[in-house]
$ cat final14.txt   # compact mmCIF, C-alpha atoms (C1' of nucleotides)
# COMPACT_ATOMS: atom_id res chain seq x y z
CA MET A 1 13.90 5.59 17.93
CA ARG A 2 12.62 6.75 14.58
CA ASN A 3 11.95 4.78 11.41
CA ASN A 4 14.34 6.83 9.36
CA THR A 5 17.24 5.29 7.52
CA ILE A 6 17.05 5.82 3.76
CA GLY A 7 16.85 2.09 3.33
CA SER A 8 13.81 1.78 5.55
CA LEU A 9 12.10 4.61 3.72
CA ILE A 10 12.72 2.88 0.39
CA TRP A 11 11.44 -0.38 1.85
CA LEU A 12 8.20 1.23 2.95
CA ARG A 13 7.67 2.92 -0.41
CA LEU A 14 8.25 -0.34 -2.25
CA MET A 15 5.84 -2.23 -0.02
CA ARG A 16 3.12 0.40 -0.27
CA PHE A 17 3.56 0.84 -3.99
CA THR A 18 3.49 -2.86 -4.86
CA ASN A 19 0.53 -3.33 -2.56
CA GLN A 20 -1.30 -0.44 -4.18
CA SER A 21 -0.52 -1.37 -7.76
CA ASN A 22 -1.37 -4.99 -7.09
CA GLN A 23 -4.82 -3.97 -5.94
CA MET A 24 -5.26 -1.79 -9.00
CA SER A 25 -4.08 -4.59 -11.24
CA ASN A 26 -6.64 -6.89 -9.64
CA GLU A 27 -9.32 -4.35 -10.31
CA PHE A 28 -8.16 -3.97 -13.89
CA LEU A 29 -8.01 -7.71 -14.56
CA LYS A 30 -11.47 -8.23 -13.10
CA ARG A 31 -12.88 -7.55 -16.59
CA PHE A 32 -11.15 -10.74 -17.75
CA ASP A 33 -12.15 -12.66 -14.64
CA LEU A 34 -8.55 -12.97 -13.58
CA THR A 35 -6.47 -11.92 -10.58
CA THR A 36 -2.93 -10.61 -10.75
CA ALA A 37 -1.58 -13.80 -9.18
CA GLN A 38 -3.41 -15.94 -11.73
CA PHE A 39 -2.20 -13.81 -14.61
CA ASP A 40 1.34 -14.10 -13.32
CA VAL A 41 1.11 -17.88 -13.19
CA LEU A 42 -0.52 -18.14 -16.62
CA ILE A 43 2.21 -15.97 -18.18
CA GLN A 44 4.88 -18.26 -16.79
CA VAL A 45 3.10 -21.41 -17.93
CA ARG A 46 2.58 -19.91 -21.37
CA THR A 47 6.24 -19.03 -21.67
CA TYR A 48 7.77 -22.23 -20.34
CA GLN A 49 5.15 -24.94 -20.95
CA PRO A 50 5.28 -27.79 -20.51
CA LEU A 51 6.81 -27.54 -17.06
CA THR A 52 6.56 -29.16 -13.63
CA GLN A 53 5.02 -27.63 -10.50
CA MET A 54 8.43 -27.32 -8.89
CA GLU A 55 9.77 -25.27 -11.76
CA LEU A 56 6.71 -23.07 -11.78
CA ALA A 57 6.80 -22.52 -8.02
CA GLU A 58 10.38 -21.36 -8.36
CA LYS A 59 9.50 -18.91 -11.13
CA VAL A 60 6.71 -17.20 -9.23
CA THR A 61 8.45 -17.37 -5.79
CA VAL A 62 5.77 -19.42 -4.12
CA THR A 63 6.00 -22.64 -2.11
CA GLN A 64 5.10 -26.09 -3.40
CA GLY A 65 1.90 -25.98 -1.40
CA GLY A 66 0.97 -22.57 -2.74
CA ILE A 67 1.40 -23.59 -6.36
CA SER A 68 -0.58 -26.77 -5.78
CA ARG A 69 -3.54 -24.76 -4.52
CA MET A 70 -3.27 -22.13 -7.22
CA LEU A 71 -3.17 -24.74 -9.98
CA ALA A 72 -6.16 -26.51 -8.48
CA ARG A 73 -8.12 -23.26 -8.83
CA LEU A 74 -6.87 -22.62 -12.37
CA GLU A 75 -7.68 -26.17 -13.35
CA LYS A 76 -11.20 -25.85 -11.96
CA GLU A 77 -11.64 -22.73 -14.12
CA GLY A 78 -10.40 -24.69 -17.13
CA TYR A 79 -7.27 -22.62 -17.76
CA ILE A 80 -4.64 -25.29 -17.32
CA VAL A 81 -4.24 -29.06 -17.41
CA ARG A 82 -1.99 -31.19 -15.26
CA LYS A 83 -1.11 -34.63 -16.47
CA GLN A 84 0.74 -37.14 -14.38
CA ASP A 85 3.79 -37.82 -16.44
CA TRP A 86 6.27 -40.14 -14.92
CA LYS A 87 6.35 -39.10 -11.25
CA THR A 88 5.95 -35.44 -12.11
CA LYS A 89 2.86 -33.45 -13.08
CA THR A 90 3.28 -31.58 -16.34
CA ILE A 91 1.40 -28.31 -16.67
CA SER A 92 0.18 -26.66 -19.84
CA LEU A 93 -2.39 -24.08 -20.92
CA THR A 94 -5.75 -25.04 -22.36
CA ASP A 95 -6.91 -23.46 -25.62
CA LYS A 96 -9.28 -21.34 -23.57
CA ALA A 97 -6.41 -19.86 -21.59
CA GLU A 98 -4.25 -19.49 -24.68
CA ALA A 99 -6.96 -17.41 -26.36
CA LEU A 100 -7.57 -15.39 -23.21
CA MET A 101 -3.89 -14.59 -22.80
CA GLU A 102 -3.61 -13.45 -26.37
CA GLN A 103 -6.19 -10.84 -25.52
CA VAL A 104 -5.10 -9.92 -21.97
CA MET A 105 -1.34 -9.74 -22.37
CA PRO A 106 -1.05 -6.55 -24.41
CA GLU A 107 -3.57 -4.81 -22.16
CA GLN A 108 -1.91 -5.83 -18.94
CA LEU A 109 1.48 -4.91 -20.39
CA ALA A 110 0.21 -1.42 -21.22
CA PHE A 111 -1.34 -1.15 -17.78
CA GLN A 112 1.87 -2.06 -15.96
CA THR A 113 3.92 0.19 -18.20
CA SER A 114 1.70 3.20 -17.52
CA PHE A 115 2.73 3.24 -13.86
CA PHE A 116 6.18 4.33 -15.00
CA ASP A 117 5.73 5.93 -18.42
CA ASP A 118 3.41 8.54 -16.94
CA VAL A 119 6.00 9.93 -14.53
CA LEU A 120 9.51 8.84 -15.46
CA SER A 121 11.61 9.52 -18.54
CA GLU A 122 13.14 6.62 -20.42
CA GLU A 123 16.48 7.43 -18.82
CA GLU A 124 14.99 7.44 -15.32
CA GLN A 125 13.25 4.14 -15.97
CA LYS A 126 16.53 2.58 -17.00
CA THR A 127 18.13 3.86 -13.81
CA LEU A 128 15.28 2.53 -11.68
CA TYR A 129 15.48 -0.83 -13.40
CA ALA A 130 19.23 -1.05 -12.93
CA LEU A 131 19.03 -0.16 -9.24
CA MET A 132 16.17 -2.56 -8.55
CA SER A 133 17.95 -5.34 -10.41
CA ARG A 134 20.96 -4.99 -8.18
CA VAL A 135 18.84 -4.86 -5.03
CA HIS A 136 16.78 -7.85 -6.12
CA LYS A 137 19.75 -9.98 -7.11
CA HIS A 138 21.43 -9.20 -3.83
CA SER A 139 18.33 -10.17 -1.88
CA GLU A 140 18.33 -13.57 -3.54
CA LYS A 141 21.65 -14.52 -2.03
CA LYS A 142 21.08 -12.71 1.25
CA GLU A 143 20.98 -14.61 4.50
CA ILE A 144 18.80 -13.99 7.53
CA PRO A 145 20.99 -12.66 10.36
CA PRO A 146 21.45 -15.21 13.18
CA GLU A 147 19.50 -14.77 16.40
CA MET B 1 4.02 -10.54 -28.12
CA ARG B 2 6.80 -10.31 -25.61
CA ASN B 3 6.73 -9.04 -22.04
CA ASN B 4 9.35 -6.41 -22.65
CA THR B 5 8.68 -2.74 -22.07
CA ILE B 6 11.03 -1.24 -19.50
CA GLY B 7 8.03 -0.50 -17.31
CA SER B 8 6.88 -4.08 -17.27
CA LEU B 9 10.38 -5.25 -16.40
CA ILE B 10 10.51 -2.83 -13.50
CA TRP B 11 7.08 -3.98 -12.38
CA LEU B 12 8.18 -7.60 -12.31
CA ARG B 13 11.36 -6.79 -10.39
CA LEU B 14 9.43 -4.82 -7.81
CA MET B 15 6.88 -7.58 -7.33
CA ARG B 16 9.49 -10.30 -7.03
CA PHE B 17 11.69 -8.27 -4.75
CA THR B 18 8.95 -7.21 -2.35
CA ASN B 19 7.64 -10.75 -2.31
CA GLN B 20 11.09 -12.12 -1.58
CA SER B 21 12.00 -9.57 1.07
CA ASN B 22 8.63 -9.94 2.72
CA GLN B 23 9.21 -13.64 3.11
CA MET B 24 12.65 -13.01 4.54
CA SER B 25 11.27 -10.42 6.90
CA ASN B 26 8.69 -12.93 8.11
CA GLU B 27 11.43 -15.41 8.73
CA PHE B 28 13.46 -12.80 10.58
CA LEU B 29 10.55 -11.64 12.74
CA LYS B 30 9.66 -15.22 13.66
CA ARG B 31 12.10 -14.91 16.58
CA PHE B 32 9.79 -12.29 18.07
CA ASP B 33 6.65 -14.25 17.21
CA LEU B 34 5.56 -11.57 14.77
CA THR B 35 4.80 -11.39 11.07
CA THR B 36 5.74 -8.51 8.79
CA ALA B 37 2.09 -7.47 8.48
CA GLN B 38 1.66 -7.45 12.25
CA PHE B 39 4.84 -5.45 12.75
CA ASP B 40 3.64 -2.94 10.17
CA VAL B 41 0.34 -2.48 11.98
CA LEU B 42 1.97 -2.24 15.41
CA ILE B 43 4.39 0.44 14.15
CA GLN B 44 1.50 2.53 12.87
CA VAL B 45 -0.49 2.13 16.07
CA ARG B 46 2.56 3.01 18.13
CA THR B 47 3.17 6.14 16.10
CA TYR B 48 -0.38 7.43 15.88
CA GLN B 49 -2.19 5.99 18.88
CA PRO B 50 -4.90 6.44 19.85
CA LEU B 51 -6.52 6.07 16.44
CA THR B 52 -9.60 4.56 14.82
CA GLN B 53 -9.73 1.48 12.62
CA MET B 54 -10.54 3.60 9.59
CA GLU B 55 -7.45 5.71 10.04
CA LEU B 56 -5.29 2.65 10.57
CA ALA B 57 -6.71 0.87 7.53
CA GLU B 58 -5.83 3.89 5.43
CA LYS B 59 -2.26 3.98 6.75
CA VAL B 60 -1.51 0.35 5.97
CA THR B 61 -3.50 0.25 2.69
CA VAL B 62 -5.90 -2.44 3.77
CA THR B 63 -9.69 -2.57 3.69
CA GLN B 64 -11.93 -2.10 6.72
CA GLY B 65 -12.58 -5.82 6.78
CA GLY B 66 -8.90 -6.63 6.63
CA ILE B 67 -8.00 -4.37 9.52
CA SER B 68 -10.88 -5.74 11.58
CA ARG B 69 -9.55 -9.28 11.22
CA MET B 70 -5.93 -8.26 11.81
CA LEU B 71 -6.82 -6.39 14.99
CA ALA B 72 -8.86 -9.34 16.23
CA ARG B 73 -5.71 -11.47 15.94
CA LEU B 74 -3.49 -8.85 17.59
CA GLU B 75 -6.01 -8.42 20.39
CA LYS B 76 -6.13 -12.16 20.99
CA GLU B 77 -2.33 -12.12 21.32
CA GLY B 78 -2.61 -9.26 23.80
CA TYR B 79 -0.77 -6.68 21.72
CA ILE B 80 -3.51 -4.10 21.34
CA VAL B 81 -6.74 -2.98 22.96
CA ARG B 82 -9.85 -1.65 21.25
CA LYS B 83 -12.24 0.32 23.32
CA GLN B 84 -15.63 1.41 22.07
CA ASP B 85 -15.39 5.14 22.33
CA TRP B 86 -18.36 7.03 21.04
CA LYS B 87 -19.31 5.06 17.90
CA THR B 88 -15.70 4.49 17.00
CA LYS B 89 -13.26 1.94 18.33
CA THR B 90 -10.04 3.46 19.61
CA ILE B 91 -6.93 1.38 19.25
CA SER B 92 -3.82 1.51 21.38
CA LEU B 93 -0.85 -0.70 22.24
CA THR B 94 -0.67 -2.73 25.44
CA ASP B 95 2.41 -2.51 27.63
CA LYS B 96 3.39 -5.92 26.36
CA ALA B 97 3.45 -4.65 22.76
CA GLU B 98 5.15 -1.41 23.76
CA ALA B 99 7.98 -3.35 25.36
CA LEU B 100 8.21 -5.75 22.42
CA MET B 101 8.39 -2.93 19.89
CA GLU B 102 11.15 -1.22 21.85
CA GLN B 103 13.17 -4.34 21.27
CA VAL B 104 12.12 -5.24 17.74
CA MET B 105 12.15 -1.85 16.03
CA PRO B 106 15.92 -1.26 15.88
CA GLU B 107 16.50 -4.81 14.68
CA GLN B 108 13.85 -4.69 11.99
CA LEU B 109 15.10 -1.27 10.91
CA ALA B 110 18.62 -2.64 10.52
CA PHE B 111 17.28 -5.65 8.66
CA GLN B 112 15.32 -3.54 6.16
CA THR B 113 18.21 -1.17 5.71
CA SER B 114 20.64 -3.98 4.92
CA PHE B 115 18.77 -4.82 1.71
CA PHE B 116 19.99 -1.53 0.30
CA ASP B 117 23.12 -0.63 2.27
CA ASP B 118 24.83 -3.81 1.13
CA VAL B 119 24.59 -2.98 -2.58
CA LEU B 120 23.85 0.69 -3.15
CA SER B 121 25.81 3.82 -2.29
CA GLU B 122 24.13 6.58 -0.32
CA GLU B 123 23.75 8.54 -3.54
CA GLU B 124 22.12 5.63 -5.34
CA GLN B 125 19.74 5.06 -2.46
CA LYS B 126 18.66 8.67 -2.63
CA THR B 127 18.03 8.31 -6.35
CA LEU B 128 16.05 5.12 -5.84
CA TYR B 129 14.01 6.74 -3.10
CA ALA B 130 13.27 9.79 -5.22
CA LEU B 131 12.20 7.72 -8.22
CA MET B 132 10.01 5.39 -6.16
CA SER B 133 8.41 8.33 -4.38
CA ARG B 134 7.35 9.81 -7.68
CA VAL B 135 6.06 6.49 -8.97
CA HIS B 136 4.20 5.79 -5.74
CA LYS B 137 2.61 9.22 -5.52
CA HIS B 138 1.50 8.98 -9.10
CA SER B 139 -0.06 5.57 -8.52
CA GLU B 140 -2.16 7.01 -5.71
CA LYS B 141 -4.00 9.32 -8.04
CA LYS B 142 -4.02 6.97 -10.97
CA GLU B 143 -7.26 5.70 -12.40
CA ILE B 144 -8.08 2.30 -13.81
CA PRO B 145 -8.51 2.60 -17.59
CA PRO B 146 -12.14 2.16 -18.69
CA GLU B 147 -13.21 -1.11 -20.26
C1' DA C 1 -40.04 10.76 20.90
C1' DT C 2 -40.09 7.57 17.34
C1' DT C 3 -38.19 6.55 12.84
C1' DT C 4 -34.74 6.79 9.32
C1' DT C 5 -30.06 7.51 7.86
C1' DT C 6 -25.42 7.11 8.25
C1' DA C 7 -20.88 5.98 9.90
C1' DA C 8 -17.78 2.41 12.05
C1' DC C 9 -17.11 -1.96 12.52
C1' DT C 10 -17.98 -7.26 11.80
C1' DT C 11 -18.65 -11.36 9.32
C1' DG C 12 -19.41 -15.13 5.66
C1' DA C 13 -17.52 -16.81 1.61
C1' DC C 14 -13.66 -16.51 -1.09
C1' DT C 15 -8.47 -16.01 -3.11
C1' DA C 16 -3.67 -16.48 -1.93
C1' DG C 17 -0.29 -17.87 0.56
C1' DT C 18 2.71 -20.44 4.56
C1' DC C 19 4.48 -24.63 7.08
C1' DA C 20 4.67 -29.25 8.15
C1' DA C 21 2.82 -33.71 8.01
C1' DG C 22 0.84 -37.04 4.75
C1' DT C 23 0.50 -39.69 -0.06
C1' DG C 24 2.03 -42.21 -3.92
C1' DA C 25 4.93 -43.60 -7.43
C1' DT C 26 9.58 -44.73 -8.71
C1' DA C 27 14.40 -45.82 -7.77
C1' DG C 28 17.84 -48.28 -5.35
C1' DT C 29 19.41 -51.73 -2.09
C1' DG C 30 19.84 -56.01 0.43
C1' DC D 1 11.36 -59.67 -4.85
C1' DA D 2 10.18 -57.17 -0.92
C1' DC D 3 11.89 -52.78 1.59
C1' DT D 4 13.18 -48.41 2.16
C1' DA D 5 14.42 -43.98 0.46
C1' DT D 6 13.26 -40.20 -2.08
C1' DC D 7 11.02 -37.03 -4.94
C1' DA D 8 6.79 -34.52 -6.51
C1' DC D 9 2.76 -33.31 -5.08
C1' DT D 10 -1.42 -32.69 -1.68
C1' DT D 11 -3.66 -31.33 2.41
C1' DG D 12 -4.95 -29.55 7.22
C1' DA D 13 -4.53 -25.72 10.00
C1' DC D 14 -3.23 -21.19 9.87
C1' DT D 15 -2.27 -15.85 8.54
C1' DA D 16 -3.67 -12.17 5.52
C1' DG D 17 -6.41 -10.17 2.68
C1' DT D 18 -10.87 -8.97 -0.54
C1' DC D 19 -15.87 -7.87 -1.29
C1' DA D 20 -20.44 -7.33 -0.03
C1' DA D 21 -24.04 -7.97 3.13
C1' DG D 22 -25.08 -7.51 8.05
C1' DT D 23 -24.74 -5.12 12.82
C1' DT D 24 -24.99 -1.40 15.89
C1' DA D 25 -24.95 2.97 17.88
C1' DA D 26 -25.43 7.82 17.34
C1' DA D 27 -27.37 11.73 14.36
C1' DA D 28 -30.85 13.82 11.93
C1' DA D 29 -35.53 14.25 10.51
C1' DT D 30 -40.24 13.91 11.11
$ encode --input "final14.txt" --output "structure tokens"
Amino acid sequence: MRNNTIGSLIWLRLMRFTNQSNQMSNEFLKRFDLTTAQFDVLIQVRTYQPLTQMELAEKVTVTQGGISRMLARLEKEGYIVRKQDWKTKTISLTDKAEALMEQVMPEQLAFQTSFFDDVLSEEEQKTLYALMSRVHKHSEKKEIPPE
Amino acid sequence: MRNNTIGSLIWLRLMRFTNQSNQMSNEFLKRFDLTTAQFDVLIQVRTYQPLTQMELAEKVTVTQGGISRMLARLEKEGYIVRKQDWKTKTISLTDKAEALMEQVMPEQLAFQTSFFDDVLSEEEQKTLYALMSRVHKHSEKKEIPPE
DNA sequence: ATTTTTAACTTGACTAGTCAAGTGATAGTG
DNA sequence: CACTATCACTTGACTAGTCAAGTTAAAAAT
């Protein structure tokens, strides 16, 4: 029994790569006192604000509980505000976060981009994107095989 | 300022996909009372045993501290044994884990494979694998840009 | 043969997340 | 109007990981 279908090899590469690049991204963002997860959340809030926790959780593929905890941390740091609005909590960025993002976004964008620009041609990047899009979309409607 | 280089789009897809498929894998492995992270560690131990914690940490891209905690959990569950051997701790699978892996491995392999087999041709999978291998290898020697 | 150094591992304090049970406010229903 | 759903969010107990300071045992140096 060997771990050797092409699919399983791709799976492993993807896991190791995302793990690796996530760690590097964390290291990179340390200069702004942010983590990758926090940056991800702030980007979404910035783009879609004002929005509810449910909507946000959906966008970053995290559970209700996860987003609740994350927002508590971000609120403590003064990056976001939650106001009870009807029976929902509406999230938006503070000025502090808005200013920070203005500065961080182009840098983080360049950082992410460099993982691919350094080794793949434009054509290859398009291919990779197209393939991953198909795989990702498929995974979203996939079902766990029954026991 | 938009989040729109091809590279950044690929990055996002990869993150969301691995996140998604990791969650699904956890759900799948629940029937064996395992998590994806535990399965990953057990596979490595099975393949390379006996090995030290340092070696294992390297293989699964986790810190020394992380592997120490993970192994403490796996030991408590009776899946692995650590014996102090010289100044190193040597890790190997218990019979219980060996038997479990015999059963789980083919199923998990099929599960991972299905993420790709369902939507990509053999040719496309080879392309994806080749592209990701290059990107991954590059990331391993990449350096964090200076402040 | 003691002392220092070093290598391998552990641990405390933290981020990040899960699941499932618990709150709290609003919306319907009798 | 009180009563029960229900929806949005929180929280307790956990896995999984990070970093940096703390052990511990063997190696090297005095």
$ axis_aligned_box --input "final14.txt" --around "stretch 25-30 of chain C" --padding-each-side "8 Å" --output "AutoDock Vina command-line options"
--center_x 12.4 --center_y -49.8 --center_z -4.1 --size_x 30.9 --size_y 28.4 --size_z 25.1
$ closest_residue --input "final14.txt" --among "A:Thr94, A:Ser114, A:Thr35, A:Ser121" --to "chain B" --atoms "all atoms listed in the file"
A:Ser114
$ interface_residues --input "final14.txt" --of "chain A" --to "chain C" --cutoff "10 Å" --atoms "all atoms listed in the file" --output "PyMOL selection string"
chain A and resi 35+37-38+62-63+65-67+69-70+73+86-88
$ interface_residues --input "final14.txt" --of "chain D" --to "chain B" --cutoff "8 Å" --atoms "only C-alpha atoms (C1' of nucleotides)" --output "list in words"
DA16, DG17, DT18, DA25 and DA26 of chain D
$ interface_residues --input "final14.txt" --of "chain A" --to "chain B" --cutoff "6 Å" --atoms "only C-alpha atoms" --output "PyMOL selection string"
chain A and resi 7-8+10+17+112-113+116+129+136
$ write_last_selection --input "final14.txt" --atoms "C-alpha atoms" --output "short mmCIF file (atom, residue, chain, number, x, y, z; two decimals), in the coordinates of the input"
data_model
loop_
_atom_site.label_atom_id
_atom_site.label_comp_id
_atom_site.auth_asym_id
_atom_site.auth_seq_id
_atom_site.Cartn_x
_atom_site.Cartn_y
_atom_site.Cartn_z
CA GLY A 7 16.85 2.09 3.33
CA SER A 8 13.81 1.78 5.55
CA ILE A 10 12.72 2.88 0.39
CA PHE A 17 3.56 0.84 -3.99
CA GLN A 112 1.87 -2.06 -15.96
CA THR A 113 3.92 0.19 -18.20
CA PHE A 116 6.18 4.33 -15.00
CA TYR A 129 15.48 -0.83 -13.40
CA HIS A 136 16.78 -7.85 -6.12
#
$ atom_distance --input "final14.txt" --atom1 "atom CA of A:Thr36" --atom2 "atom CA of A:Ile80"
16.2 Å
$ atom_distance --input "final14.txt" --atom1 "atom CA of A:Lys96" --atom2 "atom CA of A:Tyr79"
6.3 Å
$ atom_distance --input "final14.txt" --atom1 "atom C1' of D:DT4" --atom2 "atom CA of A:Asp85"
23.4 Å
$ build_atoms --input "final14.txt" --residues "stretch 21-37 of chain A" --atoms "N, CA and C atoms" --output "PDB file, keeping the file's coordinate frame"
ATOM      1  N   SER A  21      -0.399  -1.075  -6.334  1.00  0.00           N
ATOM      2  CA  SER A  21      -0.520  -1.370  -7.760  1.00  0.00           C
ATOM      3  C   SER A  21      -1.051  -2.780  -7.986  1.00  0.00           C
ATOM      4  N   ASN A  22      -0.800  -3.655  -7.028  1.00  0.00           N
ATOM      5  CA  ASN A  22      -1.370  -4.990  -7.090  1.00  0.00           C
ATOM      6  C   ASN A  22      -2.886  -4.931  -7.009  1.00  0.00           C
ATOM      7  N   GLN A  23      -3.372  -4.131  -6.091  1.00  0.00           N
ATOM      8  CA  GLN A  23      -4.820  -3.970  -5.940  1.00  0.00           C
ATOM      9  C   GLN A  23      -5.432  -3.387  -7.205  1.00  0.00           C
ATOM     10  N   MET A  24      -4.739  -2.408  -7.785  1.00  0.00           N
ATOM     11  CA  MET A  24      -5.260  -1.790  -9.000  1.00  0.00           C
ATOM     12  C   MET A  24      -5.233  -2.782 -10.158  1.00  0.00           C
ATOM     13  N   SER A  25      -4.182  -3.568 -10.205  1.00  0.00           N
ATOM     14  CA  SER A  25      -4.080  -4.590 -11.240  1.00  0.00           C
ATOM     15  C   SER A  25      -5.204  -5.606 -11.108  1.00  0.00           C
ATOM     16  N   ASN A  26      -5.522  -5.973  -9.876  1.00  0.00           N
ATOM     17  CA  ASN A  26      -6.640  -6.890  -9.640  1.00  0.00           C
ATOM     18  C   ASN A  26      -7.944  -6.307 -10.159  1.00  0.00           C
ATOM     19  N   GLU A  27      -8.112  -5.030  -9.870  1.00  0.00           N
ATOM     20  CA  GLU A  27      -9.320  -4.350 -10.310  1.00  0.00           C
ATOM     21  C   GLU A  27      -9.381  -4.323 -11.836  1.00  0.00           C
ATOM     22  N   PHE A  28      -8.247  -4.034 -12.428  1.00  0.00           N
ATOM     23  CA  PHE A  28      -8.160  -3.970 -13.890  1.00  0.00           C
ATOM     24  C   PHE A  28      -8.460  -5.324 -14.530  1.00  0.00           C
ATOM     25  N   LEU A  29      -7.870  -6.371 -13.976  1.00  0.00           N
ATOM     26  CA  LEU A  29      -8.010  -7.710 -14.560  1.00  0.00           C
ATOM     27  C   LEU A  29      -9.374  -8.334 -14.306  1.00  0.00           C
ATOM     28  N   LYS A  30     -10.148  -7.714 -13.425  1.00  0.00           N
ATOM     29  CA  LYS A  30     -11.470  -8.230 -13.100  1.00  0.00           C
ATOM     30  C   LYS A  30     -12.322  -8.384 -14.375  1.00  0.00           C
ATOM     31  N   ARG A  31     -12.104  -7.482 -15.347  1.00  0.00           N
ATOM     32  CA  ARG A  31     -12.880  -7.550 -16.590  1.00  0.00           C
ATOM     33  C   ARG A  31     -12.588  -8.814 -17.381  1.00  0.00           C
ATOM     34  N   PHE A  32     -11.489  -9.462 -17.092  1.00  0.00           N
ATOM     35  CA  PHE A  32     -11.150 -10.740 -17.750  1.00  0.00           C
ATOM     36  C   PHE A  32     -11.372 -11.913 -16.797  1.00  0.00           C
ATOM     37  N   ASP A  33     -11.944 -11.620 -15.645  1.00  0.00           N
ATOM     38  CA  ASP A  33     -12.150 -12.660 -14.640  1.00  0.00           C
ATOM     39  C   ASP A  33     -10.859 -13.312 -14.198  1.00  0.00           C
ATOM     40  N   LEU A  34      -9.839 -12.479 -14.026  1.00  0.00           N
ATOM     41  CA  LEU A  34      -8.550 -12.970 -13.580  1.00  0.00           C
ATOM     42  C   LEU A  34      -8.057 -12.134 -12.401  1.00  0.00           C
ATOM     43  N   THR A  35      -7.168 -12.706 -11.595  1.00  0.00           N
ATOM     44  CA  THR A  35      -6.470 -11.920 -10.580  1.00  0.00           C
ATOM     45  C   THR A  35      -5.032 -11.744 -11.042  1.00  0.00           C
ATOM     46  N   THR A  36      -4.322 -10.849 -10.388  1.00  0.00           N
ATOM     47  CA  THR A  36      -2.930 -10.610 -10.750  1.00  0.00           C
ATOM     48  C   THR A  36      -2.096 -11.882 -10.568  1.00  0.00           C
ATOM     49  N   ALA A  37      -2.334 -12.576  -9.465  1.00  0.00           N
ATOM     50  CA  ALA A  37      -1.580 -13.800  -9.180  1.00  0.00           C
ATOM     51  C   ALA A  37      -1.830 -14.843 -10.267  1.00  0.00           C
TER      52      ALA A  37
END
